[in-house]
file data39.txt (compact mmCIF, C-alpha atoms)
# COMPACT_ATOMS: atom_id res chain seq x y z
CA MET A 1453 103.47 101.85 87.19
CA PRO A 1454 101.09 101.71 90.18
CA SER A 1455 100.97 104.68 92.53
CA SER A 1456 102.83 104.58 95.84
CA PHE A 1457 103.22 106.91 98.80
CA TYR A 1458 106.29 109.14 98.43
CA GLU A 1459 108.24 111.53 100.62
CA VAL A 1460 109.94 114.61 99.17
CA ASP A 1461 112.63 116.21 101.35
CA VAL A 1462 113.48 119.80 100.38
CA PRO A 1463 116.41 121.52 102.13
CA ILE A 1464 115.55 125.02 103.35
CA HIS A 1465 117.47 127.91 104.88
CA ASP A 1466 116.58 131.15 106.63
CA THR A 1467 117.23 134.05 104.24
CA THR A 1468 118.12 136.37 107.14
CA ASN A 1469 120.49 133.84 108.72
CA PRO A 1470 121.70 131.25 106.16
CA ALA A 1471 123.36 129.23 108.95
CA ARG A 1472 119.85 128.22 110.06
CA LYS A 1473 118.91 125.25 107.92
CA GLY A 1474 116.27 122.58 107.88
CA VAL A 1475 114.21 120.26 105.69
CA HIS A 1476 110.62 120.72 104.55
CA VAL A 1477 108.93 117.34 104.04
CA PHE A 1478 106.05 116.69 101.66
CA THR A 1479 104.22 113.37 101.31
CA GLY A 1480 101.66 112.07 98.87
CA VAL A 1481 100.73 109.56 96.21
CA ALA A 1482 102.72 109.44 92.96
CA ASP A 1483 103.74 106.97 90.29
CA SER A 1484 107.43 107.95 90.28
CA PRO A 1485 109.99 110.08 92.12
CA ALA A 1486 109.79 112.66 89.30
CA THR A 1487 106.02 112.94 89.71
CA ALA A 1488 106.43 113.25 93.49
CA LEU A 1489 108.92 116.11 93.07
CA ARG A 1490 106.61 117.86 90.60
CA ARG A 1491 103.55 117.50 92.87
CA ALA A 1492 105.45 118.72 95.95
CA HIS A 1493 106.62 121.78 94.04
CA GLU A 1494 103.10 122.43 92.70
CA VAL A 1495 101.42 122.29 96.09
CA TYR A 1496 104.13 124.46 97.62
CA ASP A 1497 103.71 127.06 94.87
CA ALA A 1498 99.92 127.03 95.35
CA ALA A 1499 100.26 127.41 99.13
CA LEU A 1500 102.76 130.24 98.79
CA ALA A 1501 100.56 132.06 96.25
CA ALA A 1502 97.52 131.73 98.53
CA HIS A 1503 99.49 132.91 101.58
CA THR A 1504 100.96 135.86 99.65
CA ALA A 1505 97.48 136.89 98.48
CA GLY A 1506 96.17 136.71 102.05
CA HIS A 1507 94.07 133.61 101.43
CA GLU A 1508 93.87 130.39 103.38
CA ILE A 1509 96.41 127.76 102.35
CA PRO A 1510 94.69 125.00 100.38
CA GLY A 1511 94.33 121.69 102.21
CA LYS A 1512 95.34 118.28 100.95
CA GLN A 1513 94.34 117.56 97.41
CA GLN A 1514 92.68 114.40 96.12
CA ASP A 1515 96.04 112.69 95.59
CA SER A 1516 96.94 113.50 99.23
CA TRP A 1517 99.53 116.18 98.39
CA GLY A 1518 99.32 119.43 100.32
CA ALA A 1519 101.50 122.04 101.98
CA ARG A 1520 101.27 123.22 105.56
CA GLY A 1521 103.63 125.04 107.86
CA LEU A 1522 104.98 127.60 105.40
CA ARG A 1523 107.94 129.48 106.78
CA PRO A 1524 107.98 133.03 105.43
CA GLY A 1525 111.58 134.16 105.06
CA TRP A 1526 112.88 130.66 104.43
CA GLN A 1527 114.14 129.67 100.99
CA MET A 1528 113.34 126.27 99.50
CA GLU A 1529 116.32 124.64 97.75
CA TRP A 1530 114.37 122.76 95.07
CA PRO A 1531 117.41 121.67 93.02
CA ALA A 1532 118.60 119.69 96.07
CA ALA A 1533 115.19 118.08 96.76
CA LYS A 1534 115.06 114.29 96.93
CA ALA A 1535 112.06 112.00 96.47
CA SER A 1536 111.81 108.41 97.63
CA LEU A 1537 109.22 105.93 98.75
CA TRP A 1538 107.94 106.86 102.19
CA HIS A 1539 108.82 104.53 105.05
CA ASN A 1540 106.82 105.00 108.24
CA PRO A 1541 109.36 105.23 111.09
CA VAL A 1542 106.77 104.06 113.63
CA SER A 1543 105.51 101.09 111.64
CA TRP A 1544 105.48 97.71 113.35
CA LEU A 1545 107.65 96.58 110.42
CA THR A 1546 110.48 98.89 111.54
CA ARG A 1547 113.23 96.79 113.08
CA GLN A 1548 115.59 99.50 114.24
CA PRO A 1549 115.08 102.03 117.04
CA PHE A 1550 114.53 105.63 116.04
CA GLU A 1551 114.74 109.04 117.72
CA LEU A 1552 112.00 111.62 117.77

call {"tool": "encode", "arguments": {"input": "data39.txt", "output": "structure tokens"}}
result
Amino acid sequence: MPSSFYEVDVPIHDTTNPARKGVHVFTGVADSPATALRRAHEVYDAALAAHTAGHEIPGKQQDSWGARGLRPGWQMEWPAAKASLWHNPVSWLTRQPFEL
């Protein structure tokens, strides 16, 4: 299967205040949703390990996956993560209005 650009949405919550919730979004090239989920988890783990060790967070990798904006104290809910093809909300192909 040819590679496409995917989005992985991972629900997150603040460990000190579980009522505070959000979504961490990863994007990159993959050949399937399963590969996209795996790559998102890998780059997150690498970023967290670097941050924990006091090192700079690695930038985007060759396949365009990377992790930025780590939120210490927030828990990623990987079992609830969803991967799908990425659709640019500001593309000229978008026919519906959107909110920022």

call {"tool": "closest_residue", "arguments": {"input": "data39.txt", "among": "A:His1539, A:Ala1533, A:Gly1474, A:Val1495", "to": "Asp1461 in chain A", "atoms": "all atoms listed in the file"}}
result
A:Ala1533

call {"tool": "atom_distance", "arguments": {"input": "data39.txt", "atom1": "CA of Gln1514 in chain A", "atom2": "CA of Trp1530 in chain A"}}
result
23.3 Å

call {"tool": "atom_distance", "arguments": {"input": "data39.txt", "atom1": "CA of Thr1467 in chain A", "atom2": "CA of Gly1525 in chain A"}}
result
5.7 Å

call {"tool": "residues_around", "arguments": {"input": "data39.txt", "residues": "Leu1537 in chain A", "least_positions_apart": "3", "cutoff": "12 Å", "atoms": "all atoms listed in the file", "output": "ChimeraX atom specification"}}
result
/A:1455-1461,1478-1489,1534,1540

call {"tool": "atom_distance", "arguments": {"input": "data39.txt", "atom1": "CA of Arg1472 in chain A", "atom2": "CA of Leu1500 in chain A"}}
result
20.6 Å

call {"tool": "closest_residue", "arguments": {"input": "data39.txt", "among": "A:Trp1538, A:Trp1526, A:Ala1532, A:Glu1494", "to": "Pro1470 in chain A", "atoms": "only C-alpha atoms"}}
result
A:Trp1526

call {"tool": "closest_residue", "arguments": {"input": "data39.txt", "among": "A:Ser1536, A:Gln1513, A:Thr1504, A:Gln1527", "to": "Thr1468 in chain A", "atoms": "all atoms listed in the file"}}
result
A:Gln1527

call {"tool": "closest_residue", "arguments": {"input": "data39.txt", "among": "A:Ala1505, A:Ala1499, A:Ala1519, A:Ala1535", "to": "Val1462 in chain A", "atoms": "only C-alpha atoms"}}
result
A:Ala1535

call {"tool": "axis_aligned_box", "arguments": {"input": "data39.txt", "around": "range 1521-1530 of chain A", "padding_each_side": "4 Å", "output": "lines of an AutoDock Vina configuration file"}}
result
center_x = 110.0
center_y = 128.5
center_z = 101.5
size_x = 20.7
size_y = 19.4
size_z = 20.8

call {"tool": "residues_around", "arguments": {"input": "data39.txt", "residues": "Gly1511 in chain A", "least_positions_apart": "3", "cutoff": "12 Å", "atoms": "all atoms listed in the file", "output": "ChimeraX atom specification"}}
result
/A:1495-1496,1498-1499,1502,1507-1508,1514-1521

call {"tool": "build_atoms", "arguments": {"input": "data39.txt", "residues": "range 1518-1533 of chain A", "atoms": "N, CA, C and O atoms", "output": "PDB file, in the coordinates of the input"}}
result
ATOM      1  N   GLY A1518      99.712 118.150  99.763  1.00  0.00           N
ATOM      2  CA  GLY A1518      99.320 119.430 100.320  1.00  0.00           C
ATOM      3  C   GLY A1518     100.534 120.073 100.965  1.00  0.00           C
ATOM      4  O   GLY A1518     101.580 119.440 101.102  1.00  0.00           O
ATOM      5  N   ALA A1519     100.394 121.329 101.329  1.00  0.00           N
ATOM      6  CA  ALA A1519     101.500 122.040 101.980  1.00  0.00           C
ATOM      7  C   ALA A1519     100.961 122.743 103.216  1.00  0.00           C
ATOM      8  O   ALA A1519      99.955 123.446 103.148  1.00  0.00           O
ATOM      9  N   ARG A1520     101.601 122.550 104.304  1.00  0.00           N
ATOM     10  CA  ARG A1520     101.270 123.220 105.560  1.00  0.00           C
ATOM     11  C   ARG A1520     102.571 123.701 106.182  1.00  0.00           C
ATOM     12  O   ARG A1520     103.651 123.246 105.832  1.00  0.00           O
ATOM     13  N   GLY A1521     102.456 124.586 107.123  1.00  0.00           N
ATOM     14  CA  GLY A1521     103.630 125.040 107.860  1.00  0.00           C
ATOM     15  C   GLY A1521     104.601 125.846 107.020  1.00  0.00           C
ATOM     16  O   GLY A1521     105.807 125.678 107.152  1.00  0.00           O
ATOM     17  N   LEU A1522     104.080 126.733 106.170  1.00  0.00           N
ATOM     18  CA  LEU A1522     104.980 127.600 105.400  1.00  0.00           C
ATOM     19  C   LEU A1522     105.818 128.433 106.351  1.00  0.00           C
ATOM     20  O   LEU A1522     105.338 128.855 107.403  1.00  0.00           O
ATOM     21  N   ARG A1523     107.041 128.664 105.969  1.00  0.00           N
ATOM     22  CA  ARG A1523     107.940 129.480 106.780  1.00  0.00           C
ATOM     23  C   ARG A1523     108.332 130.709 105.990  1.00  0.00           C
ATOM     24  O   ARG A1523     109.324 130.678 105.244  1.00  0.00           O
ATOM     25  N   PRO A1524     107.585 131.804 106.131  1.00  0.00           N
ATOM     26  CA  PRO A1524     107.980 133.030 105.430  1.00  0.00           C
ATOM     27  C   PRO A1524     109.412 133.401 105.810  1.00  0.00           C
ATOM     28  O   PRO A1524     109.816 133.302 106.963  1.00  0.00           O
ATOM     29  N   GLY A1525     110.182 133.800 104.820  1.00  0.00           N
ATOM     30  CA  GLY A1525     111.580 134.160 105.060  1.00  0.00           C
ATOM     31  C   GLY A1525     112.544 132.999 104.912  1.00  0.00           C
ATOM     32  O   GLY A1525     113.752 133.189 105.034  1.00  0.00           O
ATOM     33  N   TRP A1526     112.023 131.817 104.649  1.00  0.00           N
ATOM     34  CA  TRP A1526     112.880 130.660 104.430  1.00  0.00           C
ATOM     35  C   TRP A1526     112.861 130.319 102.947  1.00  0.00           C
ATOM     36  O   TRP A1526     111.823 130.368 102.303  1.00  0.00           O
ATOM     37  N   GLN A1527     113.999 129.972 102.409  1.00  0.00           N
ATOM     38  CA  GLN A1527     114.140 129.670 100.990  1.00  0.00           C
ATOM     39  C   GLN A1527     114.189 128.164 100.767  1.00  0.00           C
ATOM     40  O   GLN A1527     114.983 127.463 101.389  1.00  0.00           O
ATOM     41  N   MET A1528     113.326 127.690  99.875  1.00  0.00           N
ATOM     42  CA  MET A1528     113.340 126.270  99.500  1.00  0.00           C
ATOM     43  C   MET A1528     114.474 126.050  98.500  1.00  0.00           C
ATOM     44  O   MET A1528     114.651 126.844  97.579  1.00  0.00           O
ATOM     45  N   GLU A1529     115.208 124.976  98.653  1.00  0.00           N
ATOM     46  CA  GLU A1529     116.320 124.640  97.750  1.00  0.00           C
ATOM     47  C   GLU A1529     115.873 123.485  96.857  1.00  0.00           C
ATOM     48  O   GLU A1529     116.319 122.344  97.006  1.00  0.00           O
ATOM     49  N   TRP A1530     114.962 123.796  95.918  1.00  0.00           N
ATOM     50  CA  TRP A1530     114.370 122.760  95.070  1.00  0.00           C
ATOM     51  C   TRP A1530     115.372 121.935  94.275  1.00  0.00           C
ATOM     52  O   TRP A1530     115.180 120.726  94.127  1.00  0.00           O
ATOM     53  N   PRO A1531     116.463 122.515  93.762  1.00  0.00           N
ATOM     54  CA  PRO A1531     117.410 121.670  93.020  1.00  0.00           C
ATOM     55  C   PRO A1531     118.024 120.545  93.864  1.00  0.00           C
ATOM     56  O   PRO A1531     118.460 119.534  93.332  1.00  0.00           O
ATOM     57  N   ALA A1532     118.031 120.717  95.186  1.00  0.00           N
ATOM     58  CA  ALA A1532     118.600 119.690  96.070  1.00  0.00           C
ATOM     59  C   ALA A1532     117.537 118.754  96.643  1.00  0.00           C
ATOM     60  O   ALA A1532     117.854 117.867  97.437  1.00  0.00           O
ATOM     61  N   ALA A1533     116.281 118.924  96.234  1.00  0.00           N
ATOM     62  CA  ALA A1533     115.190 118.080  96.760  1.00  0.00           C
ATOM     63  C   ALA A1533     115.374 116.630  96.334  1.00  0.00           C
ATOM     64  O   ALA A1533     115.871 116.340  95.241  1.00  0.00           O
TER      65      ALA A1533
END
